[in-house]
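Enquirer: Below is the file work12.pdb, which contains PDB, C-alpha atoms, pLDDT in the B column.
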ATOM      1  CA  MET F 111       0.912  -0.013 -97.612  1.00 42.00           C
ATOM      2  CA  ASN F 112       1.975  -1.391-100.935  1.00 47.00           C
ATOM      3  CA  PHE F 113       0.346  -4.812-100.491  1.00 48.00           C
ATOM      4  CA  VAL F 114      -3.387  -5.091 -99.954  1.00 40.00           C
ATOM      5  CA  ARG F 115      -3.922  -6.719 -96.582  1.00 38.00           C
ATOM      6  CA  PRO F 116      -4.717  -9.269 -95.513  1.00 38.00           C
ATOM      7  CA  LEU F 117      -4.286 -11.523 -98.547  1.00 38.00           C
ATOM      8  CA  ILE F 118      -1.923 -11.512-101.504  1.00 39.00           C
ATOM      9  CA  GLY F 119      -2.428 -13.928-104.367  1.00 41.00           C
ATOM     10  CA  VAL F 120      -4.528 -16.187-102.153  1.00 41.00           C
ATOM     11  CA  THR F 121      -8.139 -17.187-102.754  1.00 35.00           C
ATOM     12  CA  LEU F 122     -10.404 -15.714-100.099  1.00 34.00           C
ATOM     13  CA  LEU F 123     -12.211 -18.545 -98.343  1.00 33.00           C
ATOM     14  CA  GLY F 124     -14.934 -18.183 -95.772  1.00 36.00           C
ATOM     15  CA  LEU F 125     -14.832 -14.374 -95.904  1.00 37.00           C
ATOM     16  CA  GLY F 126     -17.912 -13.817 -98.067  1.00 39.00           C
ATOM     17  CA  VAL F 127     -15.851 -13.284-101.225  1.00 38.00           C
ATOM     18  CA  ALA F 128     -16.068 -16.028-103.825  1.00 38.00           C
ATOM     19  CA  ARG F 129     -12.901 -16.822-105.760  1.00 38.00           C
ATOM     20  CA  ALA F 130     -11.540 -13.296-105.426  1.00 45.00           C
ATOM     21  CA  GLN F 131      -7.802 -13.061-105.989  1.00 52.00           C
ATOM     22  CA  ILE F 132      -5.190 -10.325-105.928  1.00 56.00           C
ATOM     23  CA  SER F 133      -2.431 -10.709-108.495  1.00 69.00           C
ATOM     24  CA  VAL F 134       1.055  -9.623-107.402  1.00 77.00           C
ATOM     25  CA  PRO F 135       4.249 -10.479-109.337  1.00 85.00           C
ATOM     26  CA  ALA F 136       6.525 -13.049-107.708  1.00 88.00           C
ATOM     27  CA  GLU F 137       9.713 -11.185-108.661  1.00 90.00           C
ATOM     28  CA  ALA F 138      10.828  -7.722-109.701  1.00 89.00           C
ATOM     29  CA  PRO F 139      10.227  -6.867-113.389  1.00 86.00           C
ATOM     30  CA  ALA F 140      13.230  -7.598-115.597  1.00 86.00           C
ATOM     31  CA  ALA F 141      13.452  -3.934-116.615  1.00 89.00           C
ATOM     32  CA  ALA F 142      13.417  -2.636-113.024  1.00 90.00           C
ATOM     33  CA  LYS F 143      16.529  -0.796-111.827  1.00 94.00           C
ATOM     34  CA  PRO F 144      17.944  -0.005-108.384  1.00 96.00           C
ATOM     35  CA  LEU F 145      17.550   3.553-107.115  1.00 95.00           C
ATOM     36  CA  ALA F 146      20.241   5.587-105.325  1.00 97.00           C
ATOM     37  CA  PHE F 147      18.767   7.564-102.409  1.00 97.00           C
ATOM     38  CA  HIS F 148      20.621  10.444-100.724  1.00 97.00           C
ATOM     39  CA  ASP F 149      19.382  12.542 -97.826  1.00 97.00           C
ATOM     40  CA  ALA F 150      21.510  15.684 -98.120  1.00 97.00           C
ATOM     41  CA  LYS F 151      20.186  17.213 -94.887  1.00 97.00           C
ATOM     42  CA  TYR F 152      21.224  14.290 -92.688  1.00 97.00           C
ATOM     43  CA  GLY F 153      24.134  13.055 -94.799  1.00 98.00           C
ATOM     44  CA  LEU F 154      22.979   9.505 -95.450  1.00 98.00           C
ATOM     45  CA  ARG F 155      22.554   7.387 -98.562  1.00 97.00           C
ATOM     46  CA  PHE F 156      21.510   3.859 -99.501  1.00 98.00           C
ATOM     47  CA  VAL F 157      20.453   1.823-102.528  1.00 98.00           C
ATOM     48  CA  VAL F 158      16.818   0.850-103.065  1.00 97.00           C
ATOM     49  CA  PRO F 159      16.722  -2.555-104.852  1.00 97.00           C
ATOM     50  CA  ALA F 160      15.142  -3.100-108.257  1.00 95.00           C
ATOM     51  CA  GLY F 161      11.427  -3.773-108.002  1.00 94.00           C
ATOM     52  CA  TRP F 162      10.979  -1.803-104.764  1.00 96.00           C
ATOM     53  CA  SER F 163       9.062   1.470-104.625  1.00 93.00           C
ATOM     54  CA  PHE F 164      10.418   4.451-102.714  1.00 95.00           C
ATOM     55  CA  ASP F 165       8.804   7.531-101.226  1.00 93.00           C
ATOM     56  CA  ARG F 166       9.634  10.336 -98.817  1.00 91.00           C
ATOM     57  CA  LYS F 167       6.026  10.761 -97.706  1.00 84.00           C
ATOM     58  CA  ASP F 168       4.208   8.496 -95.278  1.00 76.00           C
ATOM     59  CA  HIS F 169       0.794   6.899 -95.955  1.00 67.00           C
ATOM     60  CA  LEU F 170       1.524   6.398 -99.665  1.00 64.00           C
ATOM     61  CA  VAL F 171       3.180   2.979 -99.385  1.00 59.00           C
ATOM     62  CA  SER F 172       3.450   2.798 -95.597  1.00 62.00           C
ATOM     63  CA  THR F 173       2.139   3.738 -92.161  1.00 80.00           C
ATOM     64  CA  PHE F 174       5.317   4.634 -90.283  1.00 84.00           C
ATOM     65  CA  HIS F 175       4.084   5.143 -86.724  1.00 74.00           C
ATOM     66  CA  VAL F 176       1.966   1.977 -86.935  1.00 82.00           C
ATOM     67  CA  ASP F 177       4.911  -0.160 -88.049  1.00 84.00           C
ATOM     68  CA  ALA F 178       7.606   1.605 -85.987  1.00 83.00           C
ATOM     69  CA  ARG F 179       5.902   1.316 -82.598  1.00 79.00           C
ATOM     70  CA  SER F 180       8.920   2.327 -80.509  1.00 82.00           C
ATOM     71  CA  ALA F 181       9.683   5.457 -82.557  1.00 89.00           C
ATOM     72  CA  GLY F 182       9.163   8.715 -80.703  1.00 85.00           C
ATOM     73  CA  PRO F 183       6.245  10.987 -81.635  1.00 87.00           C
ATOM     74  CA  LYS F 184       8.701  13.584 -82.988  1.00 91.00           C
ATOM     75  CA  ALA F 185      10.439  11.107 -85.314  1.00 94.00           C
ATOM     76  CA  GLN F 186      10.415  12.281 -88.925  1.00 92.00           C
ATOM     77  CA  MET F 187      10.215   9.637 -91.647  1.00 94.00           C
ATOM     78  CA  ARG F 188      12.797  10.585 -94.261  1.00 95.00           C
ATOM     79  CA  GLY F 189      12.162   7.753 -96.696  1.00 95.00           C
ATOM     80  CA  VAL F 190      10.616   4.304 -97.083  1.00 95.00           C
ATOM     81  CA  ALA F 191      11.313   1.500 -99.546  1.00 96.00           C
ATOM     82  CA  ALA F 192       8.547  -1.062-100.077  1.00 94.00           C
ATOM     83  CA  MET F 193       8.726  -4.427-101.837  1.00 95.00           C
ATOM     84  CA  ASN F 194       6.399  -4.406-104.846  1.00 93.00           C
ATOM     85  CA  PHE F 195       6.403  -8.153-105.451  1.00 94.00           C
ATOM     86  CA  ASN F 196       5.685 -11.291-103.438  1.00 95.00           C
ATOM     87  CA  PRO F 197       8.190 -14.155-103.745  1.00 95.00           C
ATOM     88  CA  PHE F 198       5.953 -16.394-101.606  1.00 95.00           C
ATOM     89  CA  PRO F 199       2.402 -15.880-102.939  1.00 93.00           C
ATOM     90  CA  GLU F 200       0.971 -18.994-101.254  1.00 93.00           C
ATOM     91  CA  SER F 201       2.208 -17.925 -97.828  1.00 95.00           C
ATOM     92  CA  THR F 202       0.967 -15.426 -95.242  1.00 95.00           C
ATOM     93  CA  PHE F 203       3.604 -12.862 -96.287  1.00 96.00           C
ATOM     94  CA  SER F 204       1.990  -9.440 -96.801  1.00 93.00           C
ATOM     95  CA  GLY F 205       4.871  -7.025 -97.404  1.00 94.00           C
ATOM     96  CA  ALA F 206       8.316  -5.707 -96.470  1.00 96.00           C
ATOM     97  CA  TRP F 207       9.310  -2.113 -95.675  1.00 95.00           C
ATOM     98  CA  PHE F 208      12.639  -0.389 -95.050  1.00 97.00           C
ATOM     99  CA  TYR F 209      12.208   2.887 -93.144  1.00 96.00           C
ATOM    100  CA  PHE F 210      14.757   5.618 -92.517  1.00 97.00           C
ATOM    101  CA  SER F 211      13.732   8.224 -89.950  1.00 96.00           C
ATOM    102  CA  VAL F 212      15.356  10.887 -87.804  1.00 97.00           C
ATOM    103  CA  GLN F 213      14.282  12.291 -84.437  1.00 96.00           C
ATOM    104  CA  PRO F 214      15.954  15.693 -83.904  1.00 96.00           C
ATOM    105  CA  HIS F 215      16.701  17.427 -80.587  1.00 96.00           C
ATOM    106  CA  THR F 216      17.393  14.275 -78.612  1.00 95.00           C
ATOM    107  CA  ASN F 217      20.313  12.729 -76.714  1.00 95.00           C
ATOM    108  CA  ASP F 218      22.305   9.521 -76.774  1.00 94.00           C
ATOM    109  CA  GLY F 219      20.428   7.873 -73.911  1.00 92.00           C
ATOM    110  CA  GLU F 220      16.994   8.574 -75.352  1.00 93.00           C
ATOM    111  CA  CYS F 221      18.129   7.374 -78.788  1.00 94.00           C
ATOM    112  CA  ALA F 222      19.352   4.091 -77.296  1.00 91.00           C
ATOM    113  CA  ARG F 223      16.010   3.537 -75.563  1.00 90.00           C
ATOM    114  CA  LEU F 224      14.146   4.040 -78.837  1.00 90.00           C
ATOM    115  CA  ALA F 225      15.744   0.888 -80.256  1.00 90.00           C
ATOM    116  CA  SER F 226      13.303  -1.257 -78.304  1.00 82.00           C
ATOM    117  CA  ARG F 227      10.386  -1.032 -75.928  1.00 74.00           C
ATOM    118  CA  ALA F 228      11.048  -0.627 -72.217  1.00 64.00           C
ATOM    119  CA  GLY F 229      12.764  -3.630 -70.703  1.00 60.00           C
ATOM    120  CA  ALA F 230      13.600  -5.320 -74.013  1.00 66.00           C
ATOM    121  CA  ALA F 231      17.228  -6.276 -74.548  1.00 62.00           C
ATOM    122  CA  HIS F 232      19.126  -4.948 -77.541  1.00 75.00           C
ATOM    123  CA  GLY F 233      22.492  -5.534 -79.173  1.00 89.00           C
ATOM    124  CA  VAL F 234      24.914  -3.432 -81.225  1.00 93.00           C
ATOM    125  CA  GLU F 235      25.674  -3.586 -84.936  1.00 95.00           C
ATOM    126  CA  GLU F 236      27.945  -1.507 -87.173  1.00 96.00           C
ATOM    127  CA  ILE F 237      26.188   0.256 -90.055  1.00 97.00           C
ATOM    128  CA  GLY F 238      27.978   2.678 -92.350  1.00 96.00           C
ATOM    129  CA  GLY F 239      30.994   2.661 -90.058  1.00 95.00           C
ATOM    130  CA  ILE F 240      29.248   3.597 -86.774  1.00 96.00           C
ATOM    131  CA  GLU F 241      27.534   1.590 -84.042  1.00 96.00           C
ATOM    132  CA  PHE F 242      23.753   1.291 -84.039  1.00 97.00           C
ATOM    133  CA  ARG F 243      21.693  -0.211 -81.222  1.00 94.00           C
ATOM    134  CA  HIS F 244      19.639  -3.136 -82.513  1.00 94.00           C
ATOM    135  CA  GLY F 245      16.236  -4.067 -81.118  1.00 92.00           C
ATOM    136  CA  HIS F 246      13.415  -6.357 -82.249  1.00 91.00           C
ATOM    137  CA  GLU F 247       9.680  -6.082 -81.747  1.00 89.00           C
ATOM    138  CA  GLU F 248       6.649  -8.080 -82.851  1.00 89.00           C
ATOM    139  CA  ARG F 249       2.960  -7.263 -82.771  1.00 87.00           C
ATOM    140  CA  GLY F 250      -0.339  -8.907 -83.648  1.00 86.00           C
ATOM    141  CA  GLY F 251      -3.549 -10.261 -82.199  1.00 83.00           C
ATOM    142  CA  MET F 252      -4.367 -13.881 -83.034  1.00 86.00           C
ATOM    143  CA  CYS F 253      -1.030 -14.222 -84.853  1.00 90.00           C
ATOM    144  CA  VAL F 254       2.165 -12.276 -85.520  1.00 91.00           C
ATOM    145  CA  GLU F 255       1.380  -9.526 -88.040  1.00 91.00           C
ATOM    146  CA  SER F 256       4.614  -7.548 -87.890  1.00 92.00           C
ATOM    147  CA  ARG F 257       8.257  -8.439 -87.236  1.00 93.00           C
ATOM    148  CA  ASN F 258      10.372  -5.306 -86.984  1.00 93.00           C
ATOM    149  CA  ASP F 259      14.144  -5.035 -86.561  1.00 94.00           C
ATOM    150  CA  VAL F 260      15.081  -1.573 -85.277  1.00 95.00           C
ATOM    151  CA  TYR F 261      18.479   0.166 -85.459  1.00 96.00           C
ATOM    152  CA  THR F 262      19.213   3.534 -83.793  1.00 96.00           C
ATOM    153  CA  ALA F 263      22.332   5.721 -83.514  1.00 97.00           C
ATOM    154  CA  TYR F 264      22.926   9.186 -82.073  1.00 97.00           C
ATOM    155  CA  HIS F 265      24.699  11.857 -84.136  1.00 97.00           C
ATOM    156  CA  LYS F 266      24.950  15.601 -83.464  1.00 95.00           C
ATOM    157  CA  GLY F 267      21.699  16.013 -81.568  1.00 97.00           C
ATOM    158  CA  SER F 268      19.607  13.635 -83.685  1.00 97.00           C
ATOM    159  CA  CYS F 269      18.602   9.986 -83.471  1.00 97.00           C
ATOM    160  CA  TYR F 270      19.046   8.128 -86.767  1.00 98.00           C
ATOM    161  CA  ARG F 271      16.755   5.128 -87.096  1.00 96.00           C
ATOM    162  CA  PHE F 272      16.115   2.232 -89.483  1.00 97.00           C
ATOM    163  CA  ASP F 273      13.081  -0.058 -89.277  1.00 95.00           C
ATOM    164  CA  LEU F 274      13.143  -3.328 -91.241  1.00 96.00           C
ATOM    165  CA  ASP F 275       9.547  -4.471 -91.073  1.00 95.00           C
ATOM    166  CA  ILE F 276       8.077  -7.732 -92.373  1.00 96.00           C
ATOM    167  CA  GLY F 277       4.283  -7.991 -92.496  1.00 94.00           C
ATOM    168  CA  THR F 278       2.236 -11.186 -92.330  1.00 94.00           C
ATOM    169  CA  PHE F 279      -1.417 -12.071 -91.787  1.00 93.00           C
ATOM    170  CA  CYS F 280      -3.220 -14.864 -89.970  1.00 92.00           C
ATOM    171  CA  ALA F 281      -3.592 -18.091 -91.937  1.00 89.00           C
ATOM    172  CA  ILE F 282      -7.003 -18.876 -90.395  1.00 84.00           C
ATOM    173  CA  SER F 283      -9.736 -19.002 -93.084  1.00 72.00           C
ATOM    174  CA  SER F 284      -7.410 -17.516 -95.710  1.00 77.00           C
ATOM    175  CA  GLY F 285      -6.280 -20.655 -97.528  1.00 82.00           C
ATOM    176  CA  ALA F 286      -2.657 -19.486 -97.171  1.00 91.00           C
ATOM    177  CA  ARG F 287       0.229 -21.423 -95.661  1.00 93.00           C
ATOM    178  CA  GLU F 288       1.987 -19.987 -92.615  1.00 94.00           C
ATOM    179  CA  ILE F 289       5.210 -18.328 -93.732  1.00 95.00           C
ATOM    180  CA  SER F 290       8.187 -20.535 -92.891  1.00 96.00           C
ATOM    181  CA  GLU F 291      11.375 -19.583 -91.064  1.00 96.00           C
ATOM    182  CA  ARG F 292      13.313 -20.168 -94.293  1.00 97.00           C
ATOM    183  CA  GLN F 293      11.043 -17.771 -96.180  1.00 97.00           C
ATOM    184  CA  LEU F 294      11.319 -15.172 -93.418  1.00 97.00           C
ATOM    185  CA  GLU F 295      15.094 -15.457 -93.592  1.00 97.00           C
ATOM    186  CA  GLN F 296      15.034 -14.783 -97.330  1.00 97.00           C
ATOM    187  CA  ILE F 297      12.982 -11.628 -96.804  1.00 97.00           C
ATOM    188  CA  HIS F 298      15.373 -10.560 -94.028  1.00 97.00           C
ATOM    189  CA  LEU F 299      18.301 -10.983 -96.425  1.00 97.00           C
ATOM    190  CA  ARG F 300      16.657  -8.602 -98.914  1.00 97.00           C
ATOM    191  CA  LEU F 301      16.131  -5.980 -96.196  1.00 97.00           C
ATOM    192  CA  ASP F 302      19.654  -6.505 -94.853  1.00 97.00           C
ATOM    193  CA  GLY F 303      20.969  -5.844 -98.360  1.00 97.00           C
ATOM    194  CA  ILE F 304      19.570  -2.299 -98.175  1.00 98.00           C
ATOM    195  CA  LEU F 305      21.027  -1.843 -94.690  1.00 97.00           C
ATOM    196  CA  LYS F 306      24.475  -2.922 -95.902  1.00 97.00           C
ATOM    197  CA  SER F 307      24.375  -0.286 -98.639  1.00 97.00           C
ATOM    198  CA  VAL F 308      24.021   2.555 -96.095  1.00 98.00           C
ATOM    199  CA  ALA F 309      26.806   5.156 -96.278  1.00 97.00           C
ATOM    200  CA  LEU F 310      27.277   8.268 -94.125  1.00 97.00           C
ATOM    201  CA  ASP F 311      28.657  11.446 -95.684  1.00 97.00           C
ATOM    202  CA  TRP F 312      30.868  12.290 -92.690  1.00 93.00           C
ATOM    203  CA  MET F 313      32.562   8.879 -92.600  1.00 92.00           C
ATOM    204  CA  PRO F 314      35.574   7.874 -94.754  1.00 87.00           C
ATOM    205  CA  ALA F 315      34.471   6.518 -98.099  1.00 75.00           C
ATOM    206  CA  ARG F 316      34.258   2.731 -98.294  1.00 66.00           C
ATOM    207  CA  PRO F 317      34.672   0.634-101.433  1.00 60.00           C
ATOM    208  CA  ALA F 318      31.227   0.796-103.022  1.00 51.00           C
ATOM    209  CA  ALA F 319      29.354  -2.432-103.647  1.00 49.00           C
ATOM    210  CA  LYS F 320      28.939  -3.094-107.345  1.00 51.00           C
ATOM    211  CA  VAL F 321      25.422  -2.099-108.331  1.00 45.00           C
ATOM    212  CA  GLU F 322      24.767  -2.020-112.044  1.00 48.00           C
ATOM    213  CA  ALA F 323      22.573   0.590-113.694  1.00 46.00           C
ATOM    214  CA  VAL F 324      21.597   2.478-110.557  1.00 50.00           C
ATOM    215  CA  GLU F 325      19.003   5.115-111.393  1.00 53.00           C
ATOM    216  CA  ARG F 326      19.753   8.531-109.891  1.00 48.00           C
ATOM    217  CA  ARG F 327      16.572  10.459-110.523  1.00 44.00           C
ATOM    218  CA  PRO F 328      15.636  13.445-108.325  1.00 46.00           C
ATOM    219  CA  LEU F 329      13.483  12.487-105.349  1.00 45.00           C
ATOM    220  CA  PRO F 330      10.711  14.805-104.136  1.00 43.00           C
ATOM    221  CA  GLU F 331      11.349  16.596-100.867  1.00 46.00           C
TER     222      GLU F 331
END
Now that the file is in, can you turn its structure into structure tokens?

Expert:
Amino acid sequence: MNFVRPLIGVTLLGLGVARAQISVPAEAPAAAKPLAFHDAKYGLRFVVPAGWSFDRKDHLVSTFHVDARSAGPKAQMRGVAAMNFNPFPESTFSGAWFYFSVQPHTNDGECARLASRAGAAHGVEEIGGIEFRHGHEERGGMCVESRNDVYTAYHKGSCYRFDLDIGTFCAISSGAREISERQLEQIHLRLDGILKSVALDWMPARPAAKVEAVERRPLPE
């Protein structure tokens, strides 16, 4: 993952490391530009914000099947955006990831179930002009270490999926302050901004949100 867990910009106390500190910028660099992503195979595009990294391969900035617990074993990660800065360096925030994945050769019922673990309720939200099922899952041991909002939709034999994952670590012995609900909401708003930029090639074109100086460099397959 892009942030070194468990601590970001926080002095390590009581862990056998004296005055060690990891320096992470609090905001995106001024010269950073948004990136336009397009998956030609599955007909989907979105905008990666300035200051976020992006990759099509897992394990470089992410661990997809660890973060996306309800994803099926055949789900293919198509791309992941990862926040490369920490707006709350004194808190227990450890990173934010926006995953796009597709599970081929499935059906509508199975895709709906993948939005949440068995028995968990889910709602519906429109993304890119079609309805996605929306689920939420959390995991952790002594504290919550992952808060993941999941969105799934069925289209032509495949299950399209987004995971909006926020990572945190336990405040015990770290010297960090527990992340607040207000801070979590601000991270959610950044992830939701990517979700709102999603467009589907087979849907009627919508008025594009104004995004200045979007970089359109080729992305590795």

Enquirer: I would like the residues chosen by the PyMOL selection byres ((chain F and resi 150-154) around 10) on the shown file; could you give them as number ranges by chain?

Expert: F: 147-149, 155-156, 188, 210, 212, 238, 265, 268, 270, 308-313

Enquirer: Using only C-alpha atoms, what table do you get, as a tab-separated table, when you list each residue of segment 188-241 of chain F with an atom no more than 7 Å from segment 278-294 of chain F, its nearest pair of atoms, and their distance in Å rounded to one decimal, rows by chain then rising number?

Expert:
residue	atom	partner	partner_atom	distance
F:Glu200	CA	F:Ala286	CA	5.5
F:Ser201	CA	F:Arg287	CA	4.6
F:Thr202	CA	F:Thr278	CA	5.3
F:Phe203	CA	F:Thr278	CA	4.5
F:Ser204	CA	F:Thr278	CA	4.8

Enquirer: Mind checking which residues fall within 6 Å of Val260 of chain F, counting only C-alpha atoms, ignoring those fewer than 5 positions away in the same chain, and posting them as a list in words?

Expert: Ala225, His244, Gly245, His246, Phe272 and Asp273 of chain F

Enquirer: Kindly give the distance, in Å, that separates atom CA of Ala136 of chain F and atom CA of Pro199 of chain F, rounded to a single decimal.

Expert: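 Atom-to-atom, atom CA of Ala136 of chain F to atom CA of Pro199 of chain F, that is 6.9 Å.
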
Enquirer: Which residues would end up in the selection if the PyMOL selection byres ((chain F and resi 195) around 9) were applied here, given that I need the answer as an MDAnalysis selection string?

Expert: chainID F and resid 113 134:139 161:162 193:194 196:197 205

Enquirer: Return the single residue from F:Leu224, F:Leu274, F:Ala315, F:Ala146 that is closest to Asp177 of chain F, with distances computed using all atoms listed in the file.

Expert: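 Under the stated criterion, the closest residue is F:Leu274.
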
Enquirer: Just checking: using all atoms listed in the file, which residue out of F:Met252, F:Phe242, F:Tyr209, F:Phe198 ends up closest to Gln186 of chain F?

Expert: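 Of F:Met252, F:Phe242, F:Tyr209, F:Phe198, the one nearest Gln186 of chain F, counting all atoms listed in the file, is F:Tyr209.
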
Enquirer: Apply the PyMOL selection byres ((chain F and resi 299-304) around 10) to the displayed file and report the matching residues as number ranges by chain.

Expert: F: 156-159, 191-193, 206-208, 259, 273-276, 293-298, 305-308

Enquirer: Report, in Å with one decimal, the straight-line distance from atom CA of Ala222 of chain F to atom CA of Thr173 of chain F.

Expert: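 Spanning atom CA of Ala222 of chain F to atom CA of Thr173 of chain F is a straight-line distance of 22.7 Å.
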
Enquirer: When you draw a straight line from atom CA of Pro144 of chain F to atom CA of Arg179 of chain F, how long is it in Å?

Expert: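 Between atom CA of Pro144 of chain F and atom CA of Arg179 of chain F the gap is 28.5 Å.
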
Enquirer: Would you place a box with edges along x, y and z of the file around all atoms of segment 191-210 of chain F listed there, add 3 Å to each of its six sides, and report the centre and edge lengths in Å to one decimal, as lines of an AutoDock Vina configuration file?

Expert:
center_x = 7.9
center_y = -6.7
center_z = -99.0
size_x = 19.8
size_y = 30.6
size_z = 18.9

Enquirer: Quick one: everything within 6 Å of Ala185 of chain F, counting all atoms listed in the file, minus sequence neighbours fewer than 2 positions away in the same chain. Send it as a list in words.

Expert: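 So, after excluding close chain neighbours, the residues are Gly182, Pro183, Val212 and Gln213 of chain F.
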
Enquirer: Could you name the residues that touch Cys269 of chain F at 8 Å or less, counting all atoms listed in the file, but leaving out those on the same chain fewer than 6 positions away, as a list in words?

Expert: Val212, Gln213, Pro214, Thr216, Asn217, Asp218, Cys221, Thr262 and Ala263 of chain F

Enquirer: Do you know which residues are at most 8 Å from Gly189 of chain F counting only C-alpha atoms, after dropping those on the same chain fewer than 4 positions away, and could you put them as JSON, numbers by chain?

Expert: {"F": [164, 165, 166, 167, 209, 210, 211]}
